[in-house]
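Structure data follow from query_26.txt (compact mmCIF, N, CA and C atoms):
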```txt
# COMPACT_ATOMS: atom_id res chain seq x y z
N MET A 117 -12.40 -3.97 -17.91
CA MET A 117 -12.47 -5.19 -17.14
C MET A 117 -13.51 -5.03 -16.03
N PRO A 118 -14.61 -5.74 -16.14
CA PRO A 118 -15.64 -5.63 -15.11
C PRO A 118 -15.14 -6.16 -13.76
N VAL A 119 -15.63 -5.54 -12.70
CA VAL A 119 -15.26 -5.94 -11.34
C VAL A 119 -16.37 -6.83 -10.79
N PRO A 120 -16.02 -8.02 -10.31
CA PRO A 120 -17.06 -8.88 -9.73
C PRO A 120 -17.61 -8.24 -8.45
N ILE A 121 -18.93 -8.27 -8.33
CA ILE A 121 -19.60 -7.76 -7.14
C ILE A 121 -20.38 -8.92 -6.53
N LEU A 122 -19.98 -9.33 -5.34
CA LEU A 122 -20.62 -10.44 -4.66
C LEU A 122 -21.54 -9.91 -3.57
N LYS A 123 -22.59 -10.66 -3.29
CA LYS A 123 -23.52 -10.30 -2.22
C LYS A 123 -23.31 -11.28 -1.08
N GLN A 124 -23.06 -10.76 0.11
CA GLN A 124 -22.90 -11.58 1.31
C GLN A 124 -23.83 -11.01 2.37
N GLY A 125 -25.03 -11.56 2.47
CA GLY A 125 -26.02 -10.99 3.39
C GLY A 125 -26.39 -9.60 2.94
N GLU A 126 -26.25 -8.64 3.85
CA GLU A 126 -26.60 -7.25 3.54
C GLU A 126 -25.42 -6.46 2.99
N VAL A 127 -24.33 -7.15 2.66
CA VAL A 127 -23.10 -6.49 2.23
C VAL A 127 -22.76 -6.88 0.79
N LEU A 128 -22.37 -5.89 0.00
CA LEU A 128 -21.83 -6.12 -1.34
C LEU A 128 -20.32 -6.05 -1.25
N ILE A 129 -19.63 -6.94 -1.96
CA ILE A 129 -18.17 -6.95 -1.98
C ILE A 129 -17.71 -6.80 -3.42
N ALA A 130 -16.97 -5.71 -3.68
CA ALA A 130 -16.38 -5.48 -5.00
C ALA A 130 -14.88 -5.70 -4.86
N SER A 131 -14.39 -6.72 -5.52
CA SER A 131 -12.97 -7.07 -5.41
C SER A 131 -12.26 -6.67 -6.70
N ILE A 132 -11.47 -5.61 -6.61
CA ILE A 132 -10.74 -5.12 -7.78
C ILE A 132 -9.47 -5.96 -7.93
N GLN A 133 -9.38 -6.68 -9.04
CA GLN A 133 -8.28 -7.63 -9.23
C GLN A 133 -7.11 -7.08 -10.04
N ALA A 134 -7.33 -5.99 -10.76
CA ALA A 134 -6.28 -5.42 -11.61
C ALA A 134 -6.57 -3.94 -11.80
N ALA A 135 -5.55 -3.22 -12.27
CA ALA A 135 -5.73 -1.79 -12.53
C ALA A 135 -6.91 -1.60 -13.48
N LEU A 136 -7.73 -0.60 -13.18
CA LEU A 136 -8.92 -0.33 -13.98
C LEU A 136 -8.77 0.96 -14.75
N THR A 137 -9.43 1.01 -15.90
CA THR A 137 -9.47 2.26 -16.65
C THR A 137 -10.45 3.21 -15.95
N ASP A 138 -10.40 4.47 -16.32
CA ASP A 138 -11.34 5.44 -15.75
C ASP A 138 -12.78 5.01 -16.04
N HIS A 139 -13.01 4.51 -17.25
CA HIS A 139 -14.35 4.03 -17.62
C HIS A 139 -14.79 2.89 -16.72
N ASP A 140 -13.89 1.94 -16.45
CA ASP A 140 -14.21 0.80 -15.58
C ASP A 140 -14.57 1.27 -14.17
N LEU A 141 -13.83 2.27 -13.66
CA LEU A 141 -14.11 2.79 -12.32
C LEU A 141 -15.49 3.44 -12.26
N LEU A 142 -15.83 4.21 -13.29
CA LEU A 142 -17.15 4.84 -13.33
C LEU A 142 -18.26 3.80 -13.45
N GLN A 143 -18.01 2.76 -14.22
CA GLN A 143 -18.97 1.68 -14.36
C GLN A 143 -19.17 0.98 -13.00
N LEU A 144 -18.09 0.78 -12.26
CA LEU A 144 -18.18 0.17 -10.93
C LEU A 144 -19.05 1.03 -10.02
N LYS A 145 -18.84 2.34 -10.04
CA LYS A 145 -19.63 3.25 -9.21
C LYS A 145 -21.12 3.13 -9.56
N ASP A 146 -21.43 3.11 -10.84
CA ASP A 146 -22.83 3.00 -11.27
C ASP A 146 -23.44 1.66 -10.87
N GLU A 147 -22.69 0.58 -11.06
CA GLU A 147 -23.19 -0.76 -10.72
C GLU A 147 -23.45 -0.89 -9.22
N LEU A 148 -22.52 -0.37 -8.41
CA LEU A 148 -22.71 -0.45 -6.97
C LEU A 148 -23.92 0.37 -6.53
N ALA A 149 -24.08 1.56 -7.08
CA ALA A 149 -25.24 2.39 -6.73
C ALA A 149 -26.54 1.66 -7.06
N ASP A 150 -26.58 1.00 -8.21
CA ASP A 150 -27.76 0.24 -8.61
C ASP A 150 -28.00 -0.95 -7.69
N LYS A 151 -26.96 -1.72 -7.43
CA LYS A 151 -27.11 -2.96 -6.64
C LYS A 151 -27.42 -2.68 -5.18
N ILE A 152 -26.96 -1.55 -4.65
CA ILE A 152 -27.31 -1.20 -3.27
C ILE A 152 -28.82 -1.11 -3.14
N GLY A 153 -29.46 -0.46 -4.09
CA GLY A 153 -30.91 -0.34 -4.06
C GLY A 153 -31.62 -1.64 -4.38
N ARG A 154 -31.13 -2.33 -5.40
CA ARG A 154 -31.78 -3.57 -5.83
C ARG A 154 -31.76 -4.64 -4.73
N PHE A 155 -30.61 -4.76 -4.04
CA PHE A 155 -30.48 -5.79 -3.00
C PHE A 155 -30.73 -5.25 -1.60
N ARG A 156 -31.03 -3.93 -1.49
CA ARG A 156 -31.25 -3.28 -0.21
C ARG A 156 -30.06 -3.51 0.73
N SER A 157 -28.89 -3.34 0.16
CA SER A 157 -27.65 -3.57 0.90
C SER A 157 -27.41 -2.44 1.90
N ARG A 158 -26.83 -2.78 3.02
CA ARG A 158 -26.52 -1.78 4.05
C ARG A 158 -25.02 -1.54 4.16
N GLY A 159 -24.23 -2.34 3.43
CA GLY A 159 -22.79 -2.16 3.47
C GLY A 159 -22.15 -2.51 2.13
N VAL A 160 -21.03 -1.87 1.86
CA VAL A 160 -20.25 -2.13 0.65
C VAL A 160 -18.79 -2.21 1.05
N ILE A 161 -18.13 -3.26 0.61
CA ILE A 161 -16.69 -3.38 0.82
C ILE A 161 -16.02 -3.35 -0.55
N ILE A 162 -15.05 -2.46 -0.69
CA ILE A 162 -14.27 -2.38 -1.93
C ILE A 162 -12.87 -2.85 -1.60
N ASP A 163 -12.52 -4.00 -2.14
CA ASP A 163 -11.23 -4.63 -1.85
C ASP A 163 -10.22 -4.24 -2.92
N VAL A 164 -9.20 -3.49 -2.51
CA VAL A 164 -8.16 -3.03 -3.45
C VAL A 164 -6.81 -3.71 -3.18
N THR A 165 -6.85 -4.85 -2.50
CA THR A 165 -5.62 -5.55 -2.12
C THR A 165 -4.71 -5.81 -3.30
N ALA A 166 -5.27 -6.13 -4.46
CA ALA A 166 -4.46 -6.49 -5.63
C ALA A 166 -3.82 -5.29 -6.32
N LEU A 167 -4.21 -4.07 -5.94
CA LEU A 167 -3.68 -2.89 -6.61
C LEU A 167 -2.35 -2.45 -6.01
N ASP A 168 -1.39 -2.21 -6.88
CA ASP A 168 -0.11 -1.67 -6.41
C ASP A 168 0.06 -0.20 -6.78
N VAL A 169 -0.96 0.36 -7.44
CA VAL A 169 -0.97 1.78 -7.82
C VAL A 169 -2.41 2.28 -7.78
N MET A 170 -2.58 3.51 -7.26
CA MET A 170 -3.88 4.18 -7.34
C MET A 170 -3.62 5.63 -7.69
N ASP A 171 -4.14 6.06 -8.83
CA ASP A 171 -3.93 7.44 -9.26
C ASP A 171 -4.99 8.35 -8.65
N SER A 172 -4.91 9.63 -8.98
CA SER A 172 -5.83 10.60 -8.39
C SER A 172 -7.27 10.33 -8.81
N PHE A 173 -7.49 9.88 -10.04
CA PHE A 173 -8.86 9.59 -10.49
C PHE A 173 -9.44 8.43 -9.70
N ALA A 174 -8.65 7.38 -9.51
CA ALA A 174 -9.11 6.21 -8.74
C ALA A 174 -9.43 6.62 -7.31
N THR A 175 -8.60 7.46 -6.71
CA THR A 175 -8.82 7.91 -5.34
C THR A 175 -10.11 8.74 -5.25
N ARG A 176 -10.30 9.67 -6.19
CA ARG A 176 -11.53 10.47 -6.21
C ARG A 176 -12.76 9.60 -6.43
N THR A 177 -12.63 8.60 -7.30
CA THR A 177 -13.76 7.72 -7.58
C THR A 177 -14.11 6.88 -6.36
N LEU A 178 -13.13 6.42 -5.60
CA LEU A 178 -13.42 5.69 -4.36
C LEU A 178 -14.18 6.58 -3.38
N ARG A 179 -13.76 7.84 -3.28
CA ARG A 179 -14.50 8.78 -2.43
C ARG A 179 -15.93 8.95 -2.94
N GLY A 180 -16.08 9.03 -4.25
CA GLY A 180 -17.40 9.16 -4.86
C GLY A 180 -18.28 7.94 -4.61
N ILE A 181 -17.68 6.76 -4.68
CA ILE A 181 -18.42 5.53 -4.41
C ILE A 181 -18.91 5.53 -2.97
N ALA A 182 -18.05 5.92 -2.04
CA ALA A 182 -18.44 5.95 -0.62
C ALA A 182 -19.57 6.95 -0.40
N ALA A 183 -19.47 8.13 -1.02
CA ALA A 183 -20.51 9.15 -0.86
C ALA A 183 -21.83 8.67 -1.48
N THR A 184 -21.75 8.05 -2.64
CA THR A 184 -22.94 7.52 -3.30
C THR A 184 -23.59 6.44 -2.45
N ALA A 185 -22.78 5.55 -1.89
CA ALA A 185 -23.31 4.49 -1.03
C ALA A 185 -24.06 5.09 0.16
N ARG A 186 -23.45 6.12 0.79
CA ARG A 186 -24.11 6.77 1.94
C ARG A 186 -25.47 7.35 1.54
N LEU A 187 -25.51 7.99 0.37
CA LEU A 187 -26.76 8.58 -0.10
C LEU A 187 -27.80 7.51 -0.43
N ARG A 188 -27.34 6.30 -0.72
CA ARG A 188 -28.25 5.18 -1.02
C ARG A 188 -28.56 4.36 0.23
N GLY A 189 -28.03 4.78 1.40
CA GLY A 189 -28.36 4.11 2.65
C GLY A 189 -27.39 3.03 3.09
N ALA A 190 -26.21 2.98 2.50
CA ALA A 190 -25.23 1.95 2.84
C ALA A 190 -23.92 2.60 3.31
N GLN A 191 -23.19 1.88 4.11
CA GLN A 191 -21.86 2.32 4.53
C GLN A 191 -20.84 1.64 3.62
N ALA A 192 -19.76 2.34 3.30
CA ALA A 192 -18.71 1.77 2.45
C ALA A 192 -17.40 1.72 3.21
N VAL A 193 -16.64 0.66 2.96
CA VAL A 193 -15.32 0.49 3.54
C VAL A 193 -14.38 0.05 2.43
N VAL A 194 -13.24 0.72 2.33
CA VAL A 194 -12.19 0.31 1.38
C VAL A 194 -11.18 -0.52 2.18
N VAL A 195 -10.89 -1.71 1.69
CA VAL A 195 -9.97 -2.59 2.40
C VAL A 195 -8.77 -2.96 1.54
N GLY A 196 -7.66 -3.24 2.21
CA GLY A 196 -6.50 -3.80 1.54
C GLY A 196 -5.56 -2.82 0.87
N ILE A 197 -5.57 -1.55 1.28
CA ILE A 197 -4.64 -0.60 0.67
C ILE A 197 -3.22 -1.00 1.04
N GLN A 198 -2.41 -1.26 0.03
CA GLN A 198 -1.03 -1.69 0.25
C GLN A 198 -0.19 -0.54 0.81
N PRO A 199 0.87 -0.86 1.58
CA PRO A 199 1.70 0.20 2.18
C PRO A 199 2.24 1.20 1.15
N ASP A 200 2.75 0.71 0.04
CA ASP A 200 3.31 1.62 -0.99
C ASP A 200 2.23 2.52 -1.58
N VAL A 201 1.03 1.98 -1.72
CA VAL A 201 -0.08 2.77 -2.25
C VAL A 201 -0.46 3.85 -1.25
N ALA A 202 -0.53 3.49 0.03
CA ALA A 202 -0.86 4.47 1.07
C ALA A 202 0.17 5.60 1.10
N ILE A 203 1.44 5.25 1.01
CA ILE A 203 2.51 6.25 1.01
C ILE A 203 2.37 7.17 -0.20
N ALA A 204 2.11 6.57 -1.37
CA ALA A 204 1.98 7.37 -2.60
C ALA A 204 0.78 8.32 -2.51
N ILE A 205 -0.32 7.84 -1.97
CA ILE A 205 -1.51 8.69 -1.83
C ILE A 205 -1.18 9.91 -0.99
N VAL A 206 -0.49 9.69 0.13
CA VAL A 206 -0.12 10.79 1.02
C VAL A 206 0.87 11.73 0.32
N GLN A 207 1.88 11.17 -0.33
CA GLN A 207 2.89 12.01 -1.00
C GLN A 207 2.29 12.85 -2.12
N LEU A 208 1.27 12.33 -2.77
CA LEU A 208 0.62 13.08 -3.85
C LEU A 208 -0.39 14.10 -3.33
N GLY A 209 -0.59 14.10 -2.02
CA GLY A 209 -1.53 15.05 -1.44
C GLY A 209 -2.98 14.66 -1.65
N LEU A 210 -3.21 13.39 -1.98
CA LEU A 210 -4.58 12.90 -2.17
C LEU A 210 -5.15 12.50 -0.82
N THR A 211 -6.46 12.30 -0.79
CA THR A 211 -7.08 11.93 0.47
C THR A 211 -8.27 11.02 0.24
N LEU A 212 -8.50 10.16 1.20
CA LEU A 212 -9.72 9.36 1.23
C LEU A 212 -10.56 9.82 2.41
N GLN A 213 -10.49 11.11 2.70
CA GLN A 213 -11.21 11.68 3.83
C GLN A 213 -12.69 11.34 3.73
N GLY A 214 -13.26 10.90 4.83
CA GLY A 214 -14.66 10.52 4.86
C GLY A 214 -14.93 9.11 4.41
N VAL A 215 -13.88 8.38 4.04
CA VAL A 215 -14.03 6.99 3.60
C VAL A 215 -13.42 6.08 4.66
N ALA A 216 -14.22 5.15 5.16
CA ALA A 216 -13.70 4.19 6.13
C ALA A 216 -12.74 3.25 5.42
N THR A 217 -11.64 2.92 6.09
CA THR A 217 -10.67 1.98 5.54
C THR A 217 -10.36 0.92 6.58
N ALA A 218 -9.95 -0.25 6.10
CA ALA A 218 -9.58 -1.35 6.98
C ALA A 218 -8.44 -2.11 6.34
N LEU A 219 -7.70 -2.83 7.16
CA LEU A 219 -6.54 -3.58 6.65
C LEU A 219 -6.93 -4.70 5.70
N ASP A 220 -8.01 -5.40 6.02
CA ASP A 220 -8.37 -6.56 5.20
C ASP A 220 -9.88 -6.77 5.22
N LEU A 221 -10.33 -7.77 4.48
CA LEU A 221 -11.74 -8.06 4.33
C LEU A 221 -12.39 -8.37 5.68
N GLU A 222 -11.73 -9.15 6.50
CA GLU A 222 -12.27 -9.52 7.81
C GLU A 222 -12.52 -8.28 8.67
N GLU A 223 -11.55 -7.37 8.70
CA GLU A 223 -11.70 -6.14 9.49
C GLU A 223 -12.80 -5.25 8.89
N GLY A 224 -12.89 -5.23 7.57
CA GLY A 224 -13.94 -4.46 6.91
C GLY A 224 -15.33 -4.96 7.28
N PHE A 225 -15.52 -6.29 7.29
CA PHE A 225 -16.79 -6.87 7.71
C PHE A 225 -17.11 -6.49 9.15
N GLU A 226 -16.10 -6.53 10.01
CA GLU A 226 -16.31 -6.20 11.42
C GLU A 226 -16.72 -4.74 11.57
N MET A 227 -16.09 -3.84 10.82
CA MET A 227 -16.46 -2.42 10.87
C MET A 227 -17.92 -2.23 10.46
N LEU A 228 -18.32 -2.89 9.37
CA LEU A 228 -19.69 -2.76 8.90
C LEU A 228 -20.67 -3.38 9.90
N ARG A 229 -20.30 -4.51 10.47
CA ARG A 229 -21.17 -5.17 11.45
C ARG A 229 -21.44 -4.24 12.62
N ARG A 230 -20.37 -3.63 13.15
CA ARG A 230 -20.53 -2.70 14.28
C ARG A 230 -21.39 -1.50 13.88
N SER A 231 -21.18 -1.00 12.68
CA SER A 231 -21.94 0.15 12.19
C SER A 231 -23.42 -0.20 12.06
N MET A 232 -23.72 -1.38 11.53
CA MET A 232 -25.11 -1.79 11.33
C MET A 232 -25.80 -2.06 12.67
N VAL A 233 -25.08 -2.57 13.65
CA VAL A 233 -25.65 -2.81 14.98
C VAL A 233 -26.03 -1.48 15.63
N LYS A 234 -25.16 -0.46 15.49
CA LYS A 234 -25.44 0.86 16.06
C LYS A 234 -26.70 1.48 15.43
N GLU A 235 -26.82 1.33 14.10
CA GLU A 235 -27.94 1.95 13.40
C GLU A 235 -29.25 1.22 13.66
N GLY A 236 -29.16 -0.09 13.86
CA GLY A 236 -30.36 -0.90 14.06
C GLY A 236 -31.10 -1.10 12.75
N PRO A 237 -32.23 -1.78 12.84
CA PRO A 237 -33.01 -2.05 11.61
C PRO A 237 -33.56 -0.76 11.02
N GLN A 238 -33.64 -0.77 9.70
CA GLN A 238 -34.15 0.44 9.02
C GLN A 238 -35.59 0.26 8.63
```

Whole structure, structure tokens version:
Amino acid sequence: MPVPILKQGEVLIASIQAALTDHDLLQLKDELADKIGRFRSRGVIIDVTALDVMDSFATRTLRGIAATARLRGAQAVVVGIQPDVAIAIVQLGLTLQGVATALDLEEGFEMLRRSMVKEGPQ
């Protein structure tokens, strides 16, 4: 199931609407890496609000997406992690270390806005 990726100014928004296969997650990582360069995006928001489960592969892939975005010149923020998902991630000993997170899309945009203001024009 492909994930829609929307462009909003200098920010790409990937809204995950349902559980994804490992292949779908890897495809999302590749598409975002490509679109960051193509659109010269400075921010990426990955919205996981609709997910009620995230396994270790999904968690590692989100970390990989954030690292890839940084290497391509963009900041990444994961938004909408549900309480049960957050608890499960911690209980499983998984981590999103190094990945910015926010409660919702609005807060994610604000985080990126502040980050882009600090960095200034590139």

**Prompt:** DSSP says strand (DSSP E or B) for which residues of chain A? Put them as a ChimeraX atom specification?
**Reply:** /A:121-124,127-131,159-163,191-195,216-218

**Distance query A:Ile121 at most 8 Å, only N, CA and C atoms, self and fewer than 6 positions along chain excluded, as a VMD selection string** = chain A and resid 127 to 131 148

**Prompt:** What is the distance, in Å and to one decimal place, between atom CA of A:Gly196 and atom CA of A:Asp163?
**Reply:** 5.9 Å

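For the residues A:Gln124, A:Ser157, A:Gln207, A:Thr184, ranking by smallest atom-to-atom distance to A:Met232 using only C-alpha atoms places A:Ser157 first.
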
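Reported to one decimal place, the separation of atom CA of A:Gly180 from atom N of A:Ala204 is 20.0 Å.
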
**Asked** By how many Å are atom N of A:Arg230 and atom CA of A:Gly125 apart?
**Response** 13.5 Å

**Message:** Neighbouring residues of A:Val194 were defined as those with any atom within 8 Å, considering only C-alpha atoms; residues of the same chain fewer than 5 positions away were excluded. Please report them as a ChimeraX atom specification.
**Reply:** /A:161-164,178,215-218,224

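Shortest atom-to-atom contact with A:Lys123 among A:Lys234, A:Arg229, A:Arg154, A:Arg188: A:Arg154, counting only C-alpha atoms.
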
**Prompt:** Near A:Lys145, counting only C-alpha atoms, which residues have an atom at most 12 Å away, once you skip same-chain residues fewer than 2 positions from it, shown as a ChimeraX atom specification?
**Reply:** /A:118-119,121,130,138-143,147-152,160,162,174,176-185,192

**Message:** as a PyMOL selection string, please: every residue in chain A that a backbone DSSP assignment puts in helix (DSSP H, G or I).
**Reply:** chain A and resi 138-155+172-187+199-207+221-235

**Message:** Using all atoms listed in the file, can you tell me which of A:Val201, A:Thr211, A:Val193, A:Asp146 comes closest to A:Leu228?
**Reply:** A:Val193

**Prompt:** Of the residues A:Val233, A:Gly153, A:Phe225, A:Leu122, which is the one nearest to A:Gly189, using all atoms listed in the file?
**Reply:**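 Selected residue with least distance to A:Gly189: A:Gly153.
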
Box in all listed atoms of stretch 206-218 of chain A, axis-aligned, with 5 Å more on each side; write out centre and edge lengths in Å to one decimal as AutoDock Vina command-line options.
```
--center_x -6.0 --center_y 6.5 --center_z 1.6 --size_x 27.8 --size_y 27.2 --size_z 20.8
```

**Message:** Here is a test: counting only C-alpha atoms, which residue of A:Thr165, A:Arg186, A:Gln191, A:Ile205 is nearest to A:Asp220?
**Reply:**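 Closest to A:Asp220, using only C-alpha atoms: A:Thr165.
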
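Closest approach to A:Ser231 among A:Ala166, A:Ala190, A:Pro199, A:Thr175 is made by A:Ala190 (distances from only C-alpha atoms).
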